[in-house]
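Listing of start-v2.txt, compact mmCIF, C-alpha atoms
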```txt
# COMPACT_ATOMS: atom_id res chain seq x y z
CA MET V 1 -15.29 -132.80 -29.58
CA ILE V 2 -11.86 -133.43 -28.17
CA GLN V 3 -12.52 -137.18 -28.08
CA GLU V 4 -13.60 -137.13 -31.73
CA GLU V 5 -10.44 -135.24 -32.70
CA LEU V 6 -8.33 -137.75 -30.76
CA LYS V 7 -10.04 -140.68 -32.49
CA GLU V 8 -9.41 -139.12 -35.88
CA LEU V 9 -5.77 -138.46 -34.99
CA ILE V 10 -5.31 -142.05 -33.79
CA GLN V 11 -6.78 -143.34 -37.04
CA LYS V 12 -4.34 -141.26 -39.11
CA CYS V 13 -1.36 -142.35 -36.99
CA ILE V 14 -2.22 -146.07 -37.29
CA LEU V 15 -2.63 -145.67 -41.05
CA ASP V 16 0.76 -143.95 -41.32
CA TYR V 17 2.35 -146.63 -39.13
CA ASN V 18 1.06 -149.44 -41.34
CA LEU V 19 2.07 -147.64 -44.55
CA ASN V 20 5.69 -147.30 -43.38
CA LEU V 21 5.99 -150.63 -41.58
CA SER V 22 7.20 -152.56 -44.64
CA LYS V 23 10.06 -150.07 -45.11
CA TYR V 24 11.32 -150.53 -41.56
CA LYS V 25 10.89 -154.29 -41.77
CA LYS V 26 13.16 -154.24 -44.81
CA MET V 27 15.80 -152.25 -42.90
CA ASP V 28 15.58 -154.75 -40.04
CA SER V 29 15.81 -157.66 -42.48
CA TYR V 30 19.07 -156.36 -43.93
CA TYR V 31 20.53 -156.17 -40.42
CA LYS V 32 19.55 -159.82 -39.96
CA GLY V 33 21.07 -160.76 -43.33
CA GLU V 34 17.80 -161.35 -45.18
CA THR V 35 18.69 -159.33 -48.29
CA ASP V 36 16.94 -158.96 -51.63
CA ALA V 37 20.00 -160.50 -53.28
CA LEU V 38 19.50 -163.78 -51.40
CA ILE V 39 15.69 -163.81 -51.37
CA GLY V 40 15.43 -163.06 -55.10
CA TYR V 41 18.48 -165.02 -56.22
CA GLN V 42 17.90 -166.56 -59.64
CA ILE V 43 17.53 -170.33 -59.39
CA ILE V 44 18.78 -172.45 -62.31
CA ASN V 45 17.50 -176.03 -62.42
CA SER V 46 20.05 -178.85 -62.42
CA ARG V 47 22.80 -176.43 -61.41
CA ALA V 48 24.33 -175.39 -58.11
CA ASN V 49 22.22 -172.72 -56.36
CA ASN V 50 24.22 -171.79 -53.28
CA LYS V 51 23.35 -168.49 -51.61
CA VAL V 52 26.29 -166.84 -49.87
CA ASN V 53 25.49 -164.38 -47.10
CA ASN V 54 28.06 -161.70 -46.26
CA ASN V 55 26.44 -159.15 -43.95
CA PHE V 56 28.49 -155.95 -44.00
CA ILE V 57 25.64 -153.75 -42.71
CA LYS V 58 25.39 -155.73 -39.48
CA LYS V 59 29.18 -155.81 -39.15
CA PHE V 60 29.47 -152.02 -39.49
CA ILE V 61 26.60 -151.30 -37.07
CA LYS V 62 28.05 -153.61 -34.42
CA GLU V 63 31.49 -152.01 -34.87
CA GLU V 64 30.09 -148.49 -34.41
CA VAL V 65 28.10 -149.57 -31.36
CA SER V 66 31.14 -151.21 -29.77
CA TYR V 67 33.37 -148.22 -30.53
CA ALA V 68 30.87 -145.72 -29.09
CA VAL V 69 29.32 -147.46 -26.08
CA GLY V 70 31.40 -150.62 -25.66
CA ASN V 71 32.84 -148.83 -22.66
CA LYS V 72 30.20 -147.85 -20.16
CA ILE V 73 28.86 -144.28 -20.36
CA THR V 74 29.85 -142.24 -17.31
CA TYR V 75 28.40 -139.02 -15.98
CA ILE V 76 30.23 -135.86 -14.97
CA SER V 77 28.83 -132.92 -13.03
CA LYS V 78 29.81 -129.56 -14.50
CA THR V 79 29.64 -128.02 -11.02
CA SER V 80 31.42 -130.96 -9.33
CA ASP V 81 28.25 -131.92 -7.47
CA GLU V 82 28.93 -135.43 -6.15
CA ASP V 83 25.35 -135.94 -4.97
CA ILE V 84 23.82 -135.46 -8.41
CA ILE V 85 26.15 -138.06 -9.93
CA LYS V 86 25.34 -140.48 -7.11
CA GLN V 87 21.62 -140.06 -7.79
CA VAL V 88 22.12 -140.80 -11.48
CA THR V 89 24.26 -143.89 -10.96
CA ASP V 90 22.11 -145.27 -8.12
CA ASN V 91 18.79 -144.83 -9.96
CA LEU V 92 20.08 -146.30 -13.22
CA ALA V 93 22.05 -149.16 -11.64
CA HIS V 94 19.21 -151.67 -12.12
CA TRP V 95 19.01 -151.03 -15.88
CA SER V 96 20.33 -153.64 -18.29
CA GLU V 97 24.07 -153.45 -18.90
CA ILE V 98 23.41 -153.49 -22.66
CA HIS V 99 20.62 -150.90 -22.63
CA ASP V 100 22.71 -148.12 -24.21
CA GLN V 101 24.14 -150.54 -26.77
CA ASN V 102 20.62 -151.54 -27.83
CA VAL V 103 19.53 -147.89 -28.06
CA MET V 104 22.42 -147.02 -30.34
CA LYS V 105 22.02 -150.20 -32.39
CA ASN V 106 18.40 -149.35 -33.17
CA MET V 107 19.28 -145.70 -33.81
CA LEU V 108 21.83 -146.79 -36.42
CA LYS V 109 19.44 -149.32 -37.94
CA PHE V 110 16.51 -146.95 -38.40
CA GLY V 111 18.21 -143.54 -38.40
CA GLY V 112 15.99 -141.73 -35.93
CA HIS V 113 12.93 -143.76 -35.08
CA CYS V 114 14.23 -145.16 -31.83
CA TYR V 115 12.49 -144.20 -28.61
CA GLU V 116 12.97 -144.57 -24.89
CA LEU V 117 9.70 -144.92 -22.96
CA TYR V 118 10.05 -144.18 -19.25
CA TYR V 119 7.88 -145.76 -16.57
CA ILE V 120 7.84 -146.77 -12.91
CA ASP V 121 8.27 -150.53 -12.48
CA ASN V 122 6.60 -152.76 -9.89
CA ASP V 123 9.38 -151.98 -7.40
CA GLY V 124 8.81 -148.25 -7.76
CA LYS V 125 12.05 -147.71 -9.68
CA PHE V 126 12.61 -145.46 -12.67
CA SER V 127 12.87 -147.71 -15.74
CA SER V 128 12.88 -147.54 -19.51
CA LYS V 129 11.73 -149.61 -22.48
CA ILE V 130 13.28 -149.30 -25.96
CA LEU V 131 10.79 -148.96 -28.81
CA THR V 132 11.42 -149.02 -32.56
CA PRO V 133 9.33 -148.21 -35.66
CA LEU V 134 8.59 -151.94 -35.87
CA ASN V 135 6.41 -151.77 -32.76
CA SER V 136 5.72 -148.07 -32.15
CA TYR V 137 4.71 -144.76 -33.65
CA ALA V 138 5.48 -141.34 -32.19
CA LEU V 139 3.97 -138.00 -33.07
CA VAL V 140 6.72 -135.42 -32.49
CA ASP V 141 6.31 -131.64 -32.70
CA ASP V 142 8.74 -129.18 -34.30
CA TYR V 143 10.67 -128.86 -31.02
CA GLY V 144 11.34 -132.58 -30.61
CA ASN V 145 8.69 -133.14 -27.92
CA VAL V 146 6.64 -136.34 -28.12
CA GLU V 147 2.94 -135.45 -28.24
CA LEU V 148 1.71 -139.05 -28.25
CA LEU V 149 3.31 -142.47 -28.49
CA MET V 150 1.72 -145.69 -29.70
CA HIS V 151 3.11 -149.06 -28.68
CA PHE V 152 1.87 -152.04 -30.72
CA TYR V 153 2.28 -155.56 -29.36
CA TYR V 154 0.92 -159.09 -29.18
CA LYS V 155 0.23 -161.08 -26.04
CA LYS V 156 1.56 -164.60 -25.66
CA PHE V 157 -0.69 -167.25 -27.22
CA ASP V 158 -2.97 -164.50 -28.57
CA THR V 159 -3.28 -163.58 -32.25
CA LYS V 160 -4.91 -160.21 -31.57
CA GLN V 161 -2.87 -157.04 -31.89
CA TYR V 162 -2.99 -154.55 -29.04
CA MET V 163 -1.94 -150.93 -28.79
CA ASP V 164 -1.13 -148.72 -25.80
CA LEU V 165 -1.57 -145.02 -26.47
CA HIS V 166 0.71 -143.02 -24.19
CA LEU V 167 -0.52 -139.52 -23.33
CA PRO V 168 0.87 -137.10 -20.71
CA ASP V 169 -1.64 -138.07 -18.01
CA ARG V 170 -2.84 -141.55 -18.93
CA ILE V 171 -2.39 -144.70 -21.03
CA ILE V 172 -5.32 -145.77 -23.22
CA HIS V 173 -5.50 -149.44 -24.22
CA TYR V 174 -6.89 -150.58 -27.58
CA GLU V 175 -7.41 -153.66 -29.68
CA VAL V 176 -6.23 -153.09 -33.25
CA SER V 177 -7.72 -154.61 -36.37
CA GLY V 178 -6.13 -153.37 -39.57
CA ASN V 179 -6.24 -149.59 -39.45
CA THR V 180 -8.97 -149.49 -36.79
CA ALA V 181 -8.44 -149.21 -33.03
CA ASN V 182 -11.20 -150.33 -30.65
CA TYR V 183 -11.16 -148.80 -27.16
CA LYS V 184 -10.71 -151.22 -24.23
CA ASP V 185 -9.86 -149.24 -21.10
CA GLU V 186 -7.34 -146.76 -19.75
CA THR V 187 -4.86 -146.33 -16.91
CA ILE V 188 -4.12 -143.11 -15.05
CA ARG V 189 -0.37 -142.55 -14.65
CA SER V 190 1.04 -142.88 -11.16
CA ILE V 191 3.22 -139.83 -11.86
CA ASN V 192 2.05 -136.72 -13.63
CA TRP V 193 5.00 -136.18 -15.93
CA GLY V 194 3.43 -133.15 -17.57
CA CYS V 195 4.23 -134.62 -21.00
CA VAL V 196 4.58 -138.00 -22.66
CA PRO V 197 7.47 -139.72 -20.79
CA ALA V 198 9.45 -140.62 -23.87
CA SER V 199 12.47 -139.36 -25.78
CA VAL V 200 13.55 -139.67 -29.40
CA CYS V 201 17.00 -140.96 -30.29
CA GLU V 202 17.56 -139.39 -33.71
CA LEU V 203 20.78 -139.76 -35.69
CA SER V 204 20.23 -136.78 -38.00
CA GLU V 205 17.54 -134.72 -39.71
CA GLU V 206 17.57 -137.08 -42.70
CA ILE V 207 16.42 -139.92 -40.40
CA GLU V 208 16.22 -143.19 -42.41
CA TYR V 209 18.07 -141.67 -45.36
CA ASP V 210 21.20 -141.27 -43.22
CA THR V 211 21.74 -144.92 -42.40
CA LEU V 212 24.13 -147.66 -43.42
CA TYR V 213 21.15 -149.43 -44.97
CA SER V 214 20.45 -146.45 -47.24
CA ASP V 215 24.12 -146.07 -48.22
CA LEU V 216 25.06 -149.72 -48.69
CA LYS V 217 21.93 -151.62 -49.75
CA GLY V 218 22.81 -151.69 -53.46
CA LEU V 219 26.46 -152.58 -52.83
CA GLN V 220 25.46 -155.27 -50.34
CA ASP V 221 23.10 -156.87 -52.87
CA SER V 222 25.69 -156.72 -55.67
CA TYR V 223 28.41 -158.22 -53.49
CA GLU V 224 26.25 -161.13 -52.33
CA THR V 225 24.96 -161.78 -55.86
CA ASN V 226 28.46 -161.87 -57.32
CA LEU V 227 29.80 -163.95 -54.44
CA SER V 228 26.95 -166.44 -54.85
CA ASP V 229 27.53 -166.59 -58.60
CA ILE V 230 31.23 -167.39 -58.30
CA SER V 231 30.51 -169.95 -55.57
CA ASN V 232 28.06 -171.69 -57.88
CA GLU V 233 30.52 -171.51 -60.78
CA ILE V 234 33.09 -173.29 -58.65
CA SER V 235 30.50 -175.86 -57.55
CA ASP V 236 29.46 -176.46 -61.16
CA PHE V 237 33.13 -176.82 -62.10
CA ARG V 238 33.22 -180.19 -60.35
CA ASN V 239 30.52 -181.37 -62.76
CA ALA V 240 32.93 -181.30 -65.71
CA TYR V 241 32.12 -183.70 -68.56
CA LEU V 242 34.29 -186.37 -70.20
CA THR V 243 34.45 -186.19 -73.98
CA PHE V 244 35.16 -189.25 -76.14
CA CYS V 245 36.43 -188.73 -79.66
CA GLY V 246 36.75 -191.59 -82.16
CA CYS V 247 35.13 -194.19 -79.93
CA LYS V 248 31.93 -195.20 -78.18
CA ILE V 249 31.73 -196.24 -74.53
CA GLU V 250 28.87 -198.24 -73.12
CA GLU V 251 27.11 -196.98 -69.99
CA SER V 252 28.15 -200.10 -68.08
CA GLU V 253 31.80 -199.37 -68.93
CA LEU V 254 31.45 -195.85 -67.49
CA GLU V 255 30.25 -197.31 -64.18
CA LYS V 256 33.26 -199.65 -64.08
CA ALA V 257 35.58 -196.72 -64.86
CA LYS V 258 34.26 -194.79 -61.86
CA THR V 259 35.20 -197.73 -59.63
CA LEU V 260 38.53 -198.61 -61.24
CA GLY V 261 39.55 -195.03 -62.02
CA ALA V 262 40.74 -196.01 -65.53
CA PHE V 263 39.50 -196.45 -69.11
CA GLN V 264 40.49 -198.95 -71.74
CA ILE V 265 40.49 -197.10 -75.07
CA PRO V 266 39.46 -199.34 -78.01
CA SER V 267 41.52 -197.49 -80.63
CA ASN V 268 44.83 -195.67 -80.88
CA GLU V 269 43.06 -192.82 -82.64
CA ALA V 270 40.49 -192.39 -79.85
CA LYS V 271 40.86 -189.52 -77.39
CA VAL V 272 39.37 -188.91 -73.95
CA SER V 273 39.53 -185.48 -72.29
CA TRP V 274 37.71 -183.24 -69.81
CA LEU V 275 35.32 -180.56 -71.06
CA ILE V 276 35.74 -177.78 -68.52
CA LYS V 277 35.13 -174.03 -68.18
CA ASN V 278 37.79 -171.39 -68.25
CA ILE V 279 36.89 -169.00 -65.44
CA ASN V 280 38.38 -165.51 -65.50
CA ASP V 281 39.00 -165.35 -61.77
CA SER V 282 40.87 -162.00 -61.99
CA PHE V 283 37.79 -160.23 -63.36
CA ILE V 284 35.55 -161.72 -60.68
CA GLN V 285 38.01 -160.96 -57.87
CA ASN V 286 38.43 -157.37 -59.07
CA THR V 287 34.65 -156.90 -59.06
CA LEU V 288 34.30 -158.26 -55.53
CA THR V 289 37.24 -156.20 -54.30
CA THR V 290 35.80 -153.01 -55.81
CA LEU V 291 32.39 -153.57 -54.22
CA LYS V 292 33.98 -154.36 -50.87
CA GLU V 293 36.24 -151.30 -50.93
CA ASN V 294 33.29 -149.07 -51.82
CA MET V 295 31.34 -150.35 -48.82
CA PHE V 296 34.24 -149.68 -46.46
CA GLU V 297 34.75 -146.24 -48.01
CA LEU V 298 31.10 -145.14 -47.81
CA SER V 299 30.73 -146.40 -44.24
CA SER V 300 34.00 -144.73 -43.06
CA HIS V 301 35.18 -148.08 -41.70
CA ILE V 302 38.53 -149.76 -42.22
CA ASN V 303 39.31 -153.34 -43.16
CA SER V 304 41.11 -154.62 -40.07
CA ASN V 305 42.18 -157.75 -41.98
CA GLU V 306 44.44 -155.78 -44.28
CA LYS V 307 48.17 -156.28 -43.79
CA LEU V 308 49.61 -153.37 -41.80
CA GLN V 309 52.80 -151.51 -42.56
CA SER V 310 55.82 -151.79 -40.29
CA ASN V 311 54.66 -148.81 -38.22
CA THR V 312 52.06 -150.28 -35.84
CA SER V 313 52.29 -147.67 -33.09
CA SER V 314 49.10 -146.54 -31.34
CA LEU V 315 49.33 -143.20 -33.14
CA ALA V 316 49.54 -144.93 -36.53
CA LEU V 317 46.56 -147.14 -35.68
CA ARG V 318 44.63 -144.12 -34.44
CA THR V 319 45.32 -142.29 -37.72
CA ARG V 320 43.78 -145.15 -39.72
CA LEU V 321 40.66 -144.88 -37.57
CA ILE V 322 40.23 -141.12 -37.89
CA SER V 323 37.25 -141.28 -40.29
CA LEU V 324 35.49 -143.89 -38.18
CA GLU V 325 36.24 -141.93 -35.01
CA GLN V 326 34.69 -138.80 -36.50
CA LYS V 327 31.58 -140.76 -37.44
CA VAL V 328 31.37 -142.35 -33.98
CA LYS V 329 31.56 -138.90 -32.39
CA LEU V 330 28.49 -137.86 -34.36
CA ASN V 331 26.72 -141.00 -33.15
CA CYS V 332 27.68 -140.14 -29.56
CA SER V 333 26.33 -136.60 -29.96
CA ALA V 334 22.98 -138.00 -31.12
CA MET V 335 22.99 -140.43 -28.18
CA ALA V 336 23.83 -137.59 -25.78
CA ASN V 337 20.63 -135.78 -26.80
CA CYS V 338 18.62 -138.85 -25.82
CA ILE V 339 20.48 -139.08 -22.50
CA LYS V 340 19.60 -135.44 -21.72
CA SER V 341 15.92 -136.32 -22.02
CA ARG V 342 16.52 -139.43 -19.92
CA LEU V 343 18.05 -137.36 -17.12
CA LYS V 344 15.28 -134.77 -17.42
CA PHE V 345 12.64 -137.42 -16.68
CA LEU V 346 14.80 -139.07 -14.02
CA PHE V 347 15.13 -135.81 -12.09
CA LYS V 348 11.41 -135.17 -12.47
CA TYR V 349 10.85 -138.60 -10.91
CA LEU V 350 13.23 -137.75 -8.03
CA GLU V 351 11.48 -134.43 -7.50
CA ILE V 352 8.11 -136.14 -7.16
CA LYS V 353 9.27 -139.17 -5.17
CA GLN V 354 11.96 -137.64 -2.96
CA GLY V 355 11.26 -133.92 -3.11
CA LYS V 356 14.80 -133.27 -4.39
CA THR V 357 15.46 -130.84 -7.23
CA TYR V 358 18.33 -131.33 -9.67
CA ASN V 359 19.27 -129.61 -12.90
CA TYR V 360 19.71 -132.14 -15.71
CA LEU V 361 21.80 -129.61 -17.64
CA ASP V 362 24.48 -129.89 -14.94
CA VAL V 363 25.21 -133.50 -15.95
CA LYS V 364 27.33 -134.36 -18.96
CA ALA V 365 27.50 -137.86 -20.44
CA LYS V 366 31.08 -138.96 -21.09
CA PHE V 367 31.73 -141.45 -23.88
CA THR V 368 35.00 -143.37 -23.88
CA PRO V 369 35.42 -144.77 -27.40
CA MET V 370 36.77 -148.30 -27.59
CA ILE V 371 39.65 -147.35 -29.87
CA PRO V 372 43.43 -147.38 -29.34
CA GLN V 373 44.35 -144.82 -26.66
CA ASP V 374 47.91 -143.65 -26.10
CA ASP V 375 47.77 -143.02 -22.34
CA LEU V 376 51.56 -142.77 -22.17
CA MET V 377 51.53 -139.82 -24.56
CA THR V 378 48.66 -138.27 -22.57
CA ALA V 379 50.70 -138.58 -19.36
CA GLN V 380 53.71 -136.95 -21.05
CA ILE V 381 51.60 -134.03 -22.30
CA LEU V 382 50.08 -133.46 -18.87
CA SER V 383 53.53 -133.66 -17.27
CA GLN V 384 54.88 -131.02 -19.63
CA ALA V 385 51.80 -128.83 -19.18
CA GLY V 386 52.42 -128.75 -15.45
CA ASP V 387 49.99 -126.57 -13.49
CA LYS V 388 48.42 -125.11 -16.64
CA ILE V 389 45.83 -127.93 -16.66
CA SER V 390 43.65 -128.76 -13.66
CA THR V 391 43.89 -132.18 -12.00
CA ARG V 392 40.26 -132.97 -12.82
CA THR V 393 40.70 -132.20 -16.52
CA GLY V 394 43.92 -134.19 -16.63
CA ILE V 395 42.37 -137.26 -14.99
CA ALA V 396 39.46 -137.16 -17.44
CA GLN V 397 41.84 -137.66 -20.39
CA PHE V 398 42.89 -141.20 -19.40
CA SER V 399 40.97 -144.04 -21.07
CA PHE V 400 41.10 -146.38 -18.05
CA ILE V 401 39.30 -143.94 -15.70
CA ASP V 402 35.51 -144.26 -15.91
CA ASN V 403 34.40 -141.99 -13.09
CA VAL V 404 36.36 -138.75 -12.66
CA ASP V 405 34.49 -137.67 -9.53
CA GLU V 406 35.14 -141.00 -7.83
CA GLU V 407 38.82 -140.82 -8.79
CA MET V 408 39.06 -137.26 -7.40
CA LYS V 409 37.48 -138.44 -4.16
CA ARG V 410 39.98 -141.30 -3.85
CA LEU V 411 42.84 -138.93 -4.57
CA LYS V 412 41.60 -136.57 -1.88
CA ASP V 413 41.21 -139.41 0.66
CA GLU V 414 44.73 -140.68 -0.06
CA LYS V 415 46.18 -137.19 0.34
CA GLU V 416 44.39 -136.70 3.66
CA MET V 417 45.66 -140.09 4.85
CA ILE V 418 49.24 -139.23 3.87
CA ASP V 419 48.98 -135.86 5.63
CA LEU V 420 47.60 -137.59 8.71
CA ASP V 421 50.48 -140.09 8.72
CA ASN V 422 52.97 -137.24 8.45
CA ILE V 423 51.39 -135.49 11.42
CA ASP V 424 51.51 -138.69 13.47
CA GLY V 425 55.15 -139.23 12.53
CA GLN V 426 56.08 -135.70 13.55
CA SER V 427 54.22 -136.11 16.86
CA GLY V 428 56.18 -139.26 17.56
CA ASP V 429 59.48 -137.48 16.96
CA LEU V 430 58.49 -134.66 19.28
CA ASN V 431 57.56 -137.08 22.07
CA GLU V 432 60.94 -138.72 21.76
```

Whole structure given in structure tokens:
Amino acid sequence: MIQEELKELIQKCILDYNLNLSKYKKMDSYYKGETDALIGYQIINSRANNKVNNNFIKKFIKEEVSYAVGNKITYISKTSDEDIIKQVTDNLAHWSEIHDQNVMKNMLKFGGHCYELYYIDNDGKFSSKILTPLNSYALVDDYGNVELLMHFYYKKFDTKQYMDLHLPDRIIHYEVSGNTANYKDETIRSINWGCVPASVCELSEEIEYDTLYSDLKGLQDSYETNLSDISNEISDFRNAYLTFCGCKIEESELEKAKTLGAFQIPSNEAKVSWLIKNINDSFIQNTLTTLKENMFELSSHINSNEKLQSNTSSLALRTRLISLEQKVKLNCSAMANCIKSRLKFLFKYLEIKQGKTYNYLDVKAKFTPMIPQDDLMTAQILSQAGDKISTRTGIAQFSFIDNVDEEMKRLKDEKEMIDLDNIDGQSGDLNE
């Protein structure tokens, strides 16, 4: 009975995956610059048909990713436990340096259908694979726990589609044909995780409706359509026609004129002039500017190419970035939820493999946004605050310090070395 229920559930999940796949492919296409404006651009025969791509959605996503996780994420123990931080850094050291950037990029592209699948690699290390709605489907309960995860893929030089169904205790392998999955075999997990070893990286409750794609798609299409139109108008402008009034020119004479660059007019009353268009460039430029400003406004980004005022201090620059910084903080909060699940599974792995128990709630992920930081002002504030702020908290405020615990350890070692030198110096004086 349970097997029949599972088969029915798998069938429904595959059907839902295929129904929504085109929507996520469209979101991915806009990130790549394959917009409806360019694909469906109206072609006019015997006229210029240039298609101008100007991908703001990709630009904004890459900016937000670089601001949020361009600097490496560091981990801080709330109880100042150095061992727990060492375990985290050591067991994640073999991960790709751009893993977190790719997680956030896909989170921003799809809103909330980005997953981390955890597994033990061939070397016995704790590893992770990033999955998206393009190649996966997750069934998540009301508490955010993944009940099952499907990973769809193709093997090299093989046209068949395969699917791995991840359950808490095993992985079931299928061949997929349309909406039907045919059982192949299954693999028992080397570690009993107690649940599906995967986490959801969700931007907000609105999921795909809270994305740059959802906010900017119409503006992006309008901008590219208008930009392509004006480009083609300019290209067609070079095809201006000569008009002859009061005379007739033979075709052979026109060919000679192209070579010589001159005409011989047969009559004093004859006139030759260019027939050209009068383009209202102000109207076109105003339209493009309005569309562009709306995209920057809706995305909370700033146009860094704009001419700055005379005040270019770090505080002035930081003020211009306040809307973007607020948005990036929300992105970091969503990413932090995914990291909590990551640490939860990491510590479960350490408990099984090494017999060590750690509390994942003791570790806090620290994001250092890649935005202008006024460390001089921070130092002045800490100096004026005196002993009202702890050394650890003060050190954590500087942008150039990645690991607070490591910095505290170095500070302690230097202090002990200085104290030791002072003791040796005093001993020398006493011996004299």

(request) Mind giving me the straight-line distance from atom CA of V:Glu116 to atom CA of V:Asp83 in Å, one decimal? (result) 25.0 Å

Counting only C-alpha atoms, which residues of stretch 84-167 of chain V fall within 10 Å of stretch 357-370 of chain V, and what is the closest atom pair for each with its distance in Å at one decimal, ordered by chain and rising number, as JSON lines?
```
{"residue": "V:Ile84", "atom": "CA", "partner": "V:Tyr358", "partner_atom": "CA", "distance": 7.0}
{"residue": "V:Ile85", "atom": "CA", "partner": "V:Val363", "partner_atom": "CA", "distance": 7.6}
{"residue": "V:Gln87", "atom": "CA", "partner": "V:Tyr358", "partner_atom": "CA", "distance": 9.5}
{"residue": "V:Val88", "atom": "CA", "partner": "V:Val363", "partner_atom": "CA", "distance": 9.1}
```

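Across the model, the gap from atom CA of V:Tyr24 to atom CA of V:Ala336 is 23.9 Å.
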
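Atom CA of V:Leu219 is positioned 7.7 Å from atom CA of V:Asn294.
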
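Around the point (38.2, -144.8, -20.6), within 10 Å and counting only C-alpha atoms, we find these residues: Asn71, Lys72, Ile73, Thr74, Lys366, Phe367, Thr368, Pro369, Met370, Ile371, Gln373, Asp375, Ala396, Gln397, Phe398, Ser399, Phe400, Ile401, Asp402 and Asn403 of chain V.
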
Take stretch 342-347 of chain V, bring it up to all heavy atoms, and give me the output as a PDB file, in the coordinates of the input.
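Dumped to part05.pdb:
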```pdb
ATOM      1  N   ARG V 342      16.580-138.389 -20.948  1.00  0.00           N
ATOM      2  CA  ARG V 342      16.520-139.430 -19.920  1.00  0.00           C
ATOM      3  C   ARG V 342      16.729-138.832 -18.534  1.00  0.00           C
ATOM      4  O   ARG V 342      15.991-139.120 -17.586  1.00  0.00           O
ATOM      5  CB  ARG V 342      17.573-140.500 -20.207  1.00  0.00           C
ATOM      6  CG  ARG V 342      17.624-141.623 -19.203  1.00  0.00           C
ATOM      7  CD  ARG V 342      18.872-142.481 -19.416  1.00  0.00           C
ATOM      8  NE  ARG V 342      18.939-143.038 -20.762  1.00  0.00           N
ATOM      9  CZ  ARG V 342      19.970-143.726 -21.225  1.00  0.00           C
ATOM     10  NH1 ARG V 342      21.049-143.923 -20.448  1.00  0.00           N
ATOM     11  NH2 ARG V 342      19.971-144.206 -22.456  1.00  0.00           N
ATOM     12  N   LEU V 343      17.746-137.997 -18.410  1.00  0.00           N
ATOM     13  CA  LEU V 343      18.050-137.360 -17.120  1.00  0.00           C
ATOM     14  C   LEU V 343      16.947-136.382 -16.721  1.00  0.00           C
ATOM     15  O   LEU V 343      16.633-136.227 -15.535  1.00  0.00           O
ATOM     16  CB  LEU V 343      19.390-136.636 -17.203  1.00  0.00           C
ATOM     17  CG  LEU V 343      20.611-137.537 -17.442  1.00  0.00           C
ATOM     18  CD1 LEU V 343      21.866-136.695 -17.613  1.00  0.00           C
ATOM     19  CD2 LEU V 343      20.791-138.522 -16.295  1.00  0.00           C
ATOM     20  N   LYS V 344      16.375-135.714 -17.705  1.00  0.00           N
ATOM     21  CA  LYS V 344      15.280-134.770 -17.420  1.00  0.00           C
ATOM     22  C   LYS V 344      14.121-135.488 -16.752  1.00  0.00           C
ATOM     23  O   LYS V 344      13.562-135.019 -15.741  1.00  0.00           O
ATOM     24  CB  LYS V 344      14.830-134.119 -18.723  1.00  0.00           C
ATOM     25  CG  LYS V 344      13.709-133.108 -18.577  1.00  0.00           C
ATOM     26  CD  LYS V 344      13.351-132.519 -19.935  1.00  0.00           C
ATOM     27  CE  LYS V 344      12.192-131.533 -19.813  1.00  0.00           C
ATOM     28  NZ  LYS V 344      11.829-130.962 -21.144  1.00  0.00           N
ATOM     29  N   PHE V 345      13.747-136.659 -17.270  1.00  0.00           N
ATOM     30  CA  PHE V 345      12.640-137.420 -16.680  1.00  0.00           C
ATOM     31  C   PHE V 345      13.067-138.074 -15.368  1.00  0.00           C
ATOM     32  O   PHE V 345      12.252-138.206 -14.444  1.00  0.00           O
ATOM     33  CB  PHE V 345      12.136-138.459 -17.672  1.00  0.00           C
ATOM     34  CG  PHE V 345      11.276-137.885 -18.767  1.00  0.00           C
ATOM     35  CD1 PHE V 345      11.792-137.689 -20.042  1.00  0.00           C
ATOM     36  CD2 PHE V 345       9.963-137.522 -18.519  1.00  0.00           C
ATOM     37  CE1 PHE V 345      11.015-137.152 -21.049  1.00  0.00           C
ATOM     38  CE2 PHE V 345       9.170-136.984 -19.519  1.00  0.00           C
ATOM     39  CZ  PHE V 345       9.696-136.793 -20.798  1.00  0.00           C
ATOM     40  N   LEU V 346      14.318-138.499 -15.275  1.00  0.00           N
ATOM     41  CA  LEU V 346      14.800-139.070 -14.020  1.00  0.00           C
ATOM     42  C   LEU V 346      14.713-138.056 -12.888  1.00  0.00           C
ATOM     43  O   LEU V 346      14.238-138.378 -11.783  1.00  0.00           O
ATOM     44  CB  LEU V 346      16.245-139.550 -14.189  1.00  0.00           C
ATOM     45  CG  LEU V 346      16.975-139.969 -12.902  1.00  0.00           C
ATOM     46  CD1 LEU V 346      16.265-141.141 -12.229  1.00  0.00           C
ATOM     47  CD2 LEU V 346      18.428-140.311 -13.180  1.00  0.00           C
ATOM     48  N   PHE V 347      15.148-136.829 -13.134  1.00  0.00           N
ATOM     49  CA  PHE V 347      15.130-135.810 -12.090  1.00  0.00           C
ATOM     50  C   PHE V 347      13.710-135.356 -11.764  1.00  0.00           C
ATOM     51  O   PHE V 347      13.430-134.939 -10.640  1.00  0.00           O
ATOM     52  CB  PHE V 347      15.987-134.620 -12.506  1.00  0.00           C
ATOM     53  CG  PHE V 347      17.467-134.940 -12.545  1.00  0.00           C
ATOM     54  CD1 PHE V 347      18.342-134.190 -13.311  1.00  0.00           C
ATOM     55  CD2 PHE V 347      17.980-136.017 -11.838  1.00  0.00           C
ATOM     56  CE1 PHE V 347      19.700-134.489 -13.353  1.00  0.00           C
ATOM     57  CE2 PHE V 347      19.330-136.328 -11.865  1.00  0.00           C
ATOM     58  CZ  PHE V 347      20.191-135.561 -12.629  1.00  0.00           C
TER      59      PHE V 347
END
```
